[in-house]
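Coordinates as given in my_file_20.txt (compact mmCIF, C-alpha atoms):
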```txt
# COMPACT_ATOMS: atom_id res chain seq x y z
CA MET A 24 108.54 99.24 90.79
CA THR A 25 112.26 99.95 90.61
CA GLY A 26 113.88 101.12 93.81
CA PHE A 27 116.62 100.74 96.38
CA GLY A 28 116.55 100.84 100.16
CA LYS A 29 119.30 100.43 102.72
CA ALA A 30 119.61 100.58 106.51
CA THR A 31 122.26 99.61 109.09
CA VAL A 32 122.22 98.81 112.78
CA GLN A 33 125.23 98.53 115.10
CA LEU A 34 125.00 95.73 117.62
CA GLN A 35 127.41 94.89 120.42
CA ALA A 36 129.85 92.84 118.36
CA LYS A 37 128.65 93.23 114.77
CA LYS A 38 127.20 95.60 112.20
CA ILE A 39 124.06 94.53 110.35
CA THR A 40 123.32 95.98 106.90
CA VAL A 41 119.97 95.45 105.15
CA GLU A 42 119.77 96.12 101.40
CA ILE A 43 116.66 95.83 99.21
CA LYS A 44 116.67 96.24 95.42
CA SER A 45 113.60 96.10 93.19
CA LEU A 46 113.12 95.83 89.42
CA ASN A 47 110.01 95.52 87.25
CA SER A 48 108.05 92.28 87.32
CA LYS A 49 104.45 91.18 86.70
CA GLY A 50 104.24 89.75 90.21
CA LEU A 51 106.41 89.52 93.31
CA ASP A 52 109.63 87.60 92.65
CA LEU A 53 111.46 87.67 95.98
CA ASN A 54 115.03 86.46 96.31
CA MET A 55 116.51 86.43 99.85
CA ARG A 56 120.14 86.12 100.89
CA LEU A 57 120.47 85.62 104.63
CA PRO A 58 123.28 84.60 107.00
CA GLN A 59 122.81 81.12 108.40
CA ALA A 60 121.88 82.47 111.85
CA TYR A 61 118.79 84.22 110.38
CA ARG A 62 117.54 81.40 108.14
CA GLU A 63 114.83 80.42 110.60
CA MET A 64 113.30 83.91 110.22
CA GLU A 65 113.04 83.66 106.41
CA LEU A 66 109.29 82.94 106.32
CA GLU A 67 108.55 85.90 108.60
CA LEU A 68 110.78 88.15 106.47
CA ARG A 69 109.06 87.05 103.27
CA ASN A 70 105.69 87.99 104.73
CA ILE A 71 106.96 91.40 105.83
CA VAL A 72 108.50 92.22 102.43
CA SER A 73 105.57 90.90 100.37
CA GLN A 74 103.06 92.98 102.33
CA ARG A 75 105.06 96.17 101.86
CA LEU A 76 106.32 95.85 98.27
CA GLU A 77 103.52 93.84 96.54
CA ARG A 78 105.19 93.57 93.10
CA GLY A 79 108.64 93.56 91.54
CA LYS A 80 111.74 91.41 91.19
CA VAL A 81 113.12 91.98 94.68
CA ASP A 82 116.57 91.12 96.03
CA PHE A 83 116.62 91.20 99.83
CA CYS A 84 120.01 90.85 101.54
CA ILE A 85 121.27 90.96 105.12
CA TYR A 86 125.03 91.39 105.58
CA VAL A 87 126.83 90.82 108.90
CA GLU A 88 130.18 92.46 109.64
CA ASN A 89 131.93 91.42 112.85
CA THR A 90 133.32 94.48 114.64
CA ILE A 91 135.14 92.47 117.32
CA GLU A 92 137.61 89.74 116.40
CA GLN A 93 136.12 86.44 117.36
CA THR A 94 135.77 82.94 116.03
CA ALA A 95 132.85 80.60 116.13
CA SER A 96 135.12 77.51 116.05
CA LYS A 97 136.48 75.98 119.25
CA ILE A 98 138.79 73.06 119.95
CA ASN A 99 136.92 69.92 120.90
CA ALA A 100 139.26 69.09 123.77
CA PRO A 101 138.08 65.52 124.58
CA ILE A 102 138.35 64.49 120.93
CA VAL A 103 141.82 66.06 120.50
CA LYS A 104 143.11 64.36 123.69
CA ALA A 105 141.78 61.02 122.48
CA TYR A 106 143.59 61.47 119.14
CA ILE A 107 146.87 62.33 120.89
CA GLU A 108 146.63 59.29 123.19
CA GLN A 109 145.99 57.01 120.22
CA MET A 110 148.93 58.46 118.28
CA ARG A 111 151.25 58.07 121.32
CA GLU A 112 150.43 54.36 121.31
CA VAL A 113 151.55 54.19 117.69
CA ILE A 114 154.48 56.63 117.97
CA PRO A 115 155.63 56.68 121.64
CA ASP A 116 158.59 59.00 121.04
CA ALA A 117 156.70 61.62 118.96
CA ASP A 118 157.01 65.29 119.92
CA ALA A 119 153.94 66.62 121.77
CA THR A 120 153.75 69.71 119.52
CA GLU A 121 153.72 67.61 116.39
CA LEU A 122 151.03 65.34 117.85
CA MET A 123 148.90 68.40 118.59
CA LYS A 124 149.31 69.71 115.04
CA MET A 125 148.15 66.39 113.65
CA ALA A 126 145.30 65.99 116.15
CA VAL A 127 143.62 69.33 115.37
CA ARG A 128 143.50 68.35 111.67
CA MET A 129 141.53 65.20 112.42
CA PRO A 130 137.73 64.95 111.98
CA ASP A 131 135.64 66.60 114.71
CA ALA A 132 138.72 68.16 116.31
CA LEU A 133 137.04 71.56 115.97
CA LYS A 134 133.44 72.32 116.85
CA THR A 135 131.35 75.28 115.78
CA ASP A 136 128.83 76.69 118.17
CA ARG A 137 125.54 77.58 116.47
CA GLU A 138 124.94 81.31 116.69
CA GLU A 139 121.65 82.12 118.37
CA VAL A 140 119.68 85.31 117.70
CA ASP A 141 118.16 86.68 120.89
CA GLU A 142 114.94 88.69 121.07
CA THR A 143 116.68 92.05 121.58
CA GLU A 144 118.94 91.55 118.56
CA TRP A 145 116.03 90.48 116.37
CA LYS A 146 114.01 93.57 117.33
CA GLN A 147 116.89 95.79 116.25
CA ILE A 148 117.25 93.90 112.97
CA ARG A 149 113.49 94.21 112.36
CA LYS A 150 113.77 97.95 112.89
CA ALA A 151 116.55 98.13 110.27
CA ILE A 152 114.43 96.06 107.85
CA GLU A 153 111.46 98.40 108.28
CA GLU A 154 113.74 101.40 107.71
CA ALA A 155 115.11 99.85 104.49
CA LEU A 156 111.54 99.15 103.34
CA ASP A 157 110.58 102.76 104.12
CA ASN A 158 113.53 103.93 102.02
CA ILE A 159 112.70 101.79 99.00
CA GLN A 160 109.04 102.83 99.16
CA GLN A 161 110.07 106.49 99.25
CA PHE A 162 112.29 105.80 96.24
CA ARG A 163 109.26 104.32 94.46
CA ARG A 164 107.06 107.28 95.41
CA ASP A 165 109.61 109.74 94.03
CA GLU A 166 109.81 107.74 90.81
CA GLY A 167 106.01 107.57 90.71
CA ALA A 168 105.73 111.36 90.90
CA SER A 169 108.02 111.66 87.87
CA LEU A 170 106.04 109.01 86.00
CA ASP A 171 102.78 110.79 86.78
CA LYS A 172 104.05 113.94 85.04
CA GLU A 173 105.33 111.86 82.12
CA PHE A 174 101.99 110.06 81.68
CA ARG A 175 99.99 113.30 81.70
CA ILE A 176 102.25 114.82 79.04
CA ARG A 177 101.87 111.75 76.81
CA ILE A 178 98.08 111.64 77.29
CA ASP A 179 97.83 115.34 76.38
CA ASN A 180 99.94 114.70 73.27
CA ILE A 181 97.69 111.83 72.16
CA ARG A 182 94.62 114.00 72.71
CA THR A 183 96.18 116.83 70.69
CA PHE A 184 97.00 114.52 67.76
CA MET A 185 93.52 112.96 67.96
CA GLU A 186 91.83 116.37 67.76
CA ALA A 187 94.10 117.35 64.87
CA ALA A 188 93.10 114.17 63.05
CA TYR A 189 89.43 114.92 63.58
CA GLU A 190 89.87 118.50 62.35
CA ILE A 191 91.20 117.31 59.00
CA ASP A 192 88.49 114.66 58.71
CA PRO A 193 86.25 116.83 56.41
CA ASP A 194 89.18 117.33 54.02
CA ARG A 195 89.84 113.58 54.11
CA ILE A 196 86.23 112.76 53.26
CA ALA A 197 86.23 115.33 50.44
CA ALA A 198 89.45 113.89 49.03
CA ILE A 199 88.04 110.33 49.13
CA LYS A 200 84.85 111.47 47.38
CA GLU A 201 86.81 113.24 44.69
CA ARG A 202 89.07 110.23 44.17
CA LEU A 203 86.09 107.90 43.78
CA HIS A 204 84.29 110.27 41.39
CA ASN A 205 87.42 110.57 39.26
CA ALA A 206 87.81 106.81 39.19
CA VAL A 207 84.21 106.38 37.98
CA THR A 208 84.64 109.13 35.39
CA GLU A 209 87.74 107.43 34.00
CA LEU A 210 85.69 104.27 33.45
CA LYS A 211 83.59 106.21 30.92
CA ALA A 212 80.62 104.06 31.73
CA GLU A 213 77.06 105.04 32.44
CA ILE A 214 76.11 104.57 36.09
CA ASP A 215 73.04 105.10 38.19
CA GLN A 216 73.86 108.28 40.12
CA ASN A 217 71.39 107.51 42.89
CA ARG A 218 72.86 104.04 43.38
CA PHE A 219 76.35 105.50 43.23
CA GLU A 220 75.53 108.07 45.92
CA GLN A 221 74.05 105.35 48.14
CA GLU A 222 77.13 103.17 47.78
CA LEU A 223 79.34 106.19 48.40
CA ILE A 224 77.51 107.04 51.61
CA TYR A 225 77.78 103.40 52.77
CA TYR A 226 81.50 103.37 51.99
CA LEU A 227 82.15 106.68 53.78
CA GLU A 228 80.23 105.50 56.85
CA LYS A 229 82.64 102.61 57.12
CA LEU A 230 85.53 105.09 57.09
CA ASP A 231 83.97 107.38 59.70
CA ILE A 232 86.25 107.76 62.78
CA THR A 233 83.76 109.52 65.10
CA GLU A 234 83.16 106.43 67.27
CA GLU A 235 86.88 105.76 67.56
CA LYS A 236 87.48 109.39 68.57
CA VAL A 237 84.79 109.24 71.26
CA ARG A 238 86.04 105.93 72.67
CA LEU A 239 89.67 107.03 72.58
CA SER A 240 88.75 110.27 74.34
CA ASN A 241 86.97 108.25 77.04
CA HIS A 242 89.98 105.97 77.46
CA LEU A 243 92.26 109.00 77.84
CA ASP A 244 89.99 110.41 80.55
CA TYR A 245 89.79 107.03 82.30
CA PHE A 246 93.58 106.73 82.26
CA LEU A 247 93.92 110.08 84.04
CA GLU A 248 91.19 109.17 86.54
CA THR A 249 93.01 105.93 87.34
CA LEU A 250 96.25 107.83 87.87
CA ASP A 251 94.56 109.79 90.64
CA LEU A 252 93.54 106.67 92.59
CA GLU A 253 95.44 105.86 95.78
CA GLU A 254 95.61 102.07 95.36
CA ALA A 255 98.05 100.19 93.13
CA ASN A 256 96.81 100.50 89.54
CA GLY A 257 99.64 99.46 87.21
CA ARG A 258 97.74 96.52 85.73
CA LYS A 259 94.63 98.64 85.15
CA LEU A 260 96.67 101.31 83.39
CA GLY A 261 98.15 98.60 81.19
CA PHE A 262 94.69 97.37 80.21
CA ILE A 263 93.52 100.92 79.43
CA GLY A 264 96.62 101.39 77.28
CA GLN A 265 95.67 98.28 75.29
CA GLU A 266 92.18 99.68 74.66
CA MET A 267 93.67 103.00 73.56
CA GLY A 268 95.87 101.11 71.12
CA ARG A 269 92.86 99.36 69.57
CA GLU A 270 91.10 102.65 68.86
CA ILE A 271 94.25 104.25 67.43
CA ASN A 272 94.88 101.23 65.19
CA THR A 273 91.29 101.33 63.95
CA MET A 274 91.63 105.01 63.13
CA GLY A 275 94.78 104.19 61.19
CA SER A 276 93.12 101.41 59.21
CA LYS A 277 90.19 103.71 58.34
CA SER A 278 92.19 106.85 57.62
CA ASN A 279 93.06 106.26 53.94
CA HIS A 280 94.67 109.70 54.12
CA SER A 281 98.37 110.54 54.39
CA LYS A 282 98.06 113.45 56.86
CA MET A 283 95.79 111.47 59.17
CA GLN A 284 98.09 108.45 58.98
CA LYS A 285 101.00 110.62 60.12
CA LEU A 286 98.97 111.73 63.14
CA VAL A 287 98.09 108.12 63.89
CA VAL A 288 101.80 107.24 63.84
CA LEU A 289 102.48 110.06 66.31
CA MET A 290 99.71 108.77 68.60
CA LYS A 291 101.15 105.26 68.44
CA ASP A 292 104.59 106.59 69.34
CA GLU A 293 103.22 108.38 72.41
CA LEU A 294 101.27 105.28 73.43
CA GLU A 295 104.36 103.06 73.19
CA LYS A 296 106.18 105.41 75.57
CA ILE A 297 103.26 105.11 77.98
CA LYS A 298 103.29 101.31 77.77
CA GLU A 299 107.02 101.18 78.49
CA GLN A 300 106.62 103.29 81.64
CA VAL A 301 103.45 101.55 82.85
CA LEU A 302 105.67 98.56 83.63
CA ASN A 303 107.18 100.71 86.41
CA VAL A 304 103.81 101.19 88.12
CA LEU A 305 102.57 98.90 90.88
```
Can you dump the structure from the file as structure tokens?
Amino acid sequence: MTGFGKATVQLQAKKITVEIKSLNSKGLDLNMRLPQAYREMELELRNIVSQRLERGKVDFCIYVENTIEQTASKINAPIVKAYIEQMREVIPDADATELMKMAVRMPDALKTDREEVDETEWKQIRKAIEEALDNIQQFRRDEGASLDKEFRIRIDNIRTFMEAAYEIDPDRIAAIKERLHNAVTELKAEIDQNRFEQELIYYLEKLDITEEKVRLSNHLDYFLETLDLEEANGRKLGFIGQEMGREINTMGSKSNHSKMQKLVVLMKDELEKIKEQVLNVL
């Protein structure tokens, strides 16, 4: 969701610059900074930006640079003349220049004409806004292409570690069996071997990670399938990542084996990197 877009348009007496910045956010958080003359268009601008950008903490700014020296303030002649006439009644011998200096400092001595935005000017500004939006979307697409490669690498790594964990599963089961047999032997007590074998099978079934491997493999495939979709899918990828985390955590809690636990840690590390980057996806 991060990005930056900029566009400029040169009008007859001023230069308009449109800048749009975007950071990660769960929804659309749009902050607009507009010159006073364009305030009445704010609702229209919000609709345009929200339709194009969808999500992100967005700062939208329009800057105006006057290219011809001009002032929006003008002397309110009738008011200034009235002030001068009143002051002459109080100070008949006062210098006219001094009276003028005092009059223009009085309330309402200057008036500011409200700047109007005509249809032609607004069309040009709209064109600059669309160009800036095109630029920020291209920025996002470029970032998305990099993220796509990153996600696929991380998914492949998780799959590799998962397969490695499953390959050592027979050794893990054998080690657990041996450990339990040794523990019973050390008790030096007579036990029912049939009952012991039944309990052992029940215990080992609880430690079996086949279901977790199958579900995690499905989640990995689903993540890649979702990456290939055209529509915005950041939230969906986040949910899939949560499900992947549940299966990895379950494998870790069942492992009871140092080598498998190391592989689980590696899978968790790869998943955390995915979760961090998923926040950048629409």
task = Would you mind listing what lies within 12 Å of Pro193 (chain A) as number ranges by chain, with only C-alpha atoms counted and same-chain residues fewer than 3 positions away left out?
result = A: 187-190, 196-200, 227, 230-233, 278, 280, 283
Interatomic distance (Å, one decimal) between CA of Glu88 (chain A) and CA of Gln74 (chain A) = 28.1 Å
task = Tell me which of A:Asp118, A:Glu112, A:Glu42, A:Glu201 sits closest to Val81 (chain A), counting all atoms listed in the file.
result = A:Glu42
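Put simply, CA of Leu239 (chain A) is 28.6 Å away from CA of Arg202 (chain A).
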request  = Between CA of Asn89 (chain A) and CA of Leu156 (chain A), measure the distance and give it in Å to one decimal.
outcome  = 23.8 Å
I'd like a table as a tab-separated table: residues in region 47-118 of chain A with an atom no more than 12 Å from region 161-166 of chain A, each row giving the shortest atom pair and its distance in Å to one decimal, all atoms listed in the file counted, sorted by chain and rising residue number.
```
residue	atom	partner	partner_atom	distance
A:Asn47	CA	A:Arg163	CA	11.4
A:Arg75	CA	A:Gln161	CA	11.8
A:Leu76	CA	A:Arg163	CA	9.7
A:Arg78	CA	A:Arg163	CA	11.6
A:Gly79	CA	A:Arg163	CA	11.2
```
Dump as a tab-separated table (two decimals), in the frame of the given file, selection limited to C-alpha atoms:
```
chain	number	residue	atom	x	y	z
A	47	ASN	CA	110.01	95.52	87.25
A	75	ARG	CA	105.06	96.17	101.86
A	76	LEU	CA	106.32	95.85	98.27
A	78	ARG	CA	105.19	93.57	93.10
A	79	GLY	CA	108.64	93.56	91.54
```
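Candidate residues A:Gly257, A:Pro115, A:Gly275, A:Gly264 were compared for distance to Gly50 (chain A), and the nearest is A:Gly257, using all atoms listed in the file.
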request  = Considering all atoms listed in the file, return as number ranges by chain whatever protein or nucleic-acid residues lie within 8 Å of region 245-248 of chain A, sequence-local ones (same chain, fewer than 3 positions apart) excluded.
outcome  = A: 175, 241-242, 251-252, 260, 263-264
inquiry  = List as a list of chain:residue names the protein and nucleic acid residues near Asp82 (chain A), meaning an atom at most 6 Å away when all atoms listed in the file are counted, but skip any in the same chain fewer than 3 places from it.
reply    = A:Ile43, A:Lys44, A:Asn54
Please provide the set of residues having any atom within 8 Å of Met185 (chain A), restricted to all atoms listed in the file, with same-chain residues fewer than 2 positions apart removed, written as a PDB file with C-alpha atoms, in the frame of the given file.
```pdb
ATOM      1  CA  ILE A 181      97.690 111.830  72.160  1.00  0.00           C
ATOM      2  CA  ARG A 182      94.620 114.000  72.710  1.00  0.00           C
ATOM      3  CA  THR A 183      96.180 116.830  70.690  1.00  0.00           C
ATOM      4  CA  ALA A 187      94.100 117.350  64.870  1.00  0.00           C
ATOM      5  CA  ALA A 188      93.100 114.170  63.050  1.00  0.00           C
ATOM      6  CA  TYR A 189      89.430 114.920  63.580  1.00  0.00           C
ATOM      7  CA  LYS A 236      87.480 109.390  68.570  1.00  0.00           C
ATOM      8  CA  LEU A 286      98.970 111.730  63.140  1.00  0.00           C
ATOM      9  CA  VAL A 287      98.090 108.120  63.890  1.00  0.00           C
ATOM     10  CA  MET A 290      99.710 108.770  68.600  1.00  0.00           C
TER      11      MET A 290
END
```
Residue contacts of Val127 (chain A) (9 Å, only C-alpha atoms) excluding same-chain residues fewer than 5 positions away, as a PDB file with C-alpha atoms, in the coordinates of the input:
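Just written: result-v1.pdb:
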```
ATOM      1  CA  ILE A  98     138.790  73.060 119.950  1.00  0.00           C
ATOM      2  CA  ASN A  99     136.920  69.920 120.900  1.00  0.00           C
ATOM      3  CA  VAL A 103     141.820  66.060 120.500  1.00  0.00           C
ATOM      4  CA  TYR A 106     143.590  61.470 119.140  1.00  0.00           C
ATOM      5  CA  LEU A 122     151.030  65.340 117.850  1.00  0.00           C
ATOM      6  CA  ALA A 132     138.720  68.160 116.310  1.00  0.00           C
ATOM      7  CA  LEU A 133     137.040  71.560 115.970  1.00  0.00           C
TER       8      LEU A 133
END
```
The centre and edge lengths of an axis-aligned box containing all atoms of region 30-41 of chain A present in the file, extended by 6 Å on each side, are to be given in Å to one decimal, as JSON.
```
{"center_x": 124.7, "center_y": 96.7, "center_z": 112.8, "size_x": 22.2, "size_y": 19.7, "size_z": 27.3}
```
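For the set A:Val304, A:Lys296, A:Ile107, A:Glu63, the residue with the smallest atom-to-atom gap to Glu254 (chain A) is A:Val304, counting all atoms listed in the file.
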task = Please return, as a PyMOL selection string, all polymer residues that have at least one atom within 10 Å of the point (104.2, 102.6, 79.8); use all atoms listed in the file and the file's own coordinate frame.
result = chain A and resi 170+173-174+177+257+260-261+264+293-304
key: Point (128.0, 90.6, 103.3) neighbourhood (12 Å, all atoms listed in the file) written as JSON, numbers by chain   = {"A": [37, 38, 39, 40, 41, 42, 56, 57, 58, 59, 83, 84, 85, 86, 87, 88, 89]}
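When all atoms listed in the file are used to compute distances to Thr143 (chain A), the closest of the residues A:Gln35, A:Asn70, A:Gln265, A:Asn272 turns out to be A:Gln35.
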message = So, with all atoms listed in the file as the atoms that count, which of A:Trp145, A:Asp244, A:Glu234, A:Glu153 lies closest to Gly28 (chain A)?
response = A:Glu153
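In this comparison, which uses only C-alpha atoms, the residue of A:Leu34, A:Arg128, A:Glu121, A:Leu305 approaching Lys259 (chain A) most closely is A:Leu305.
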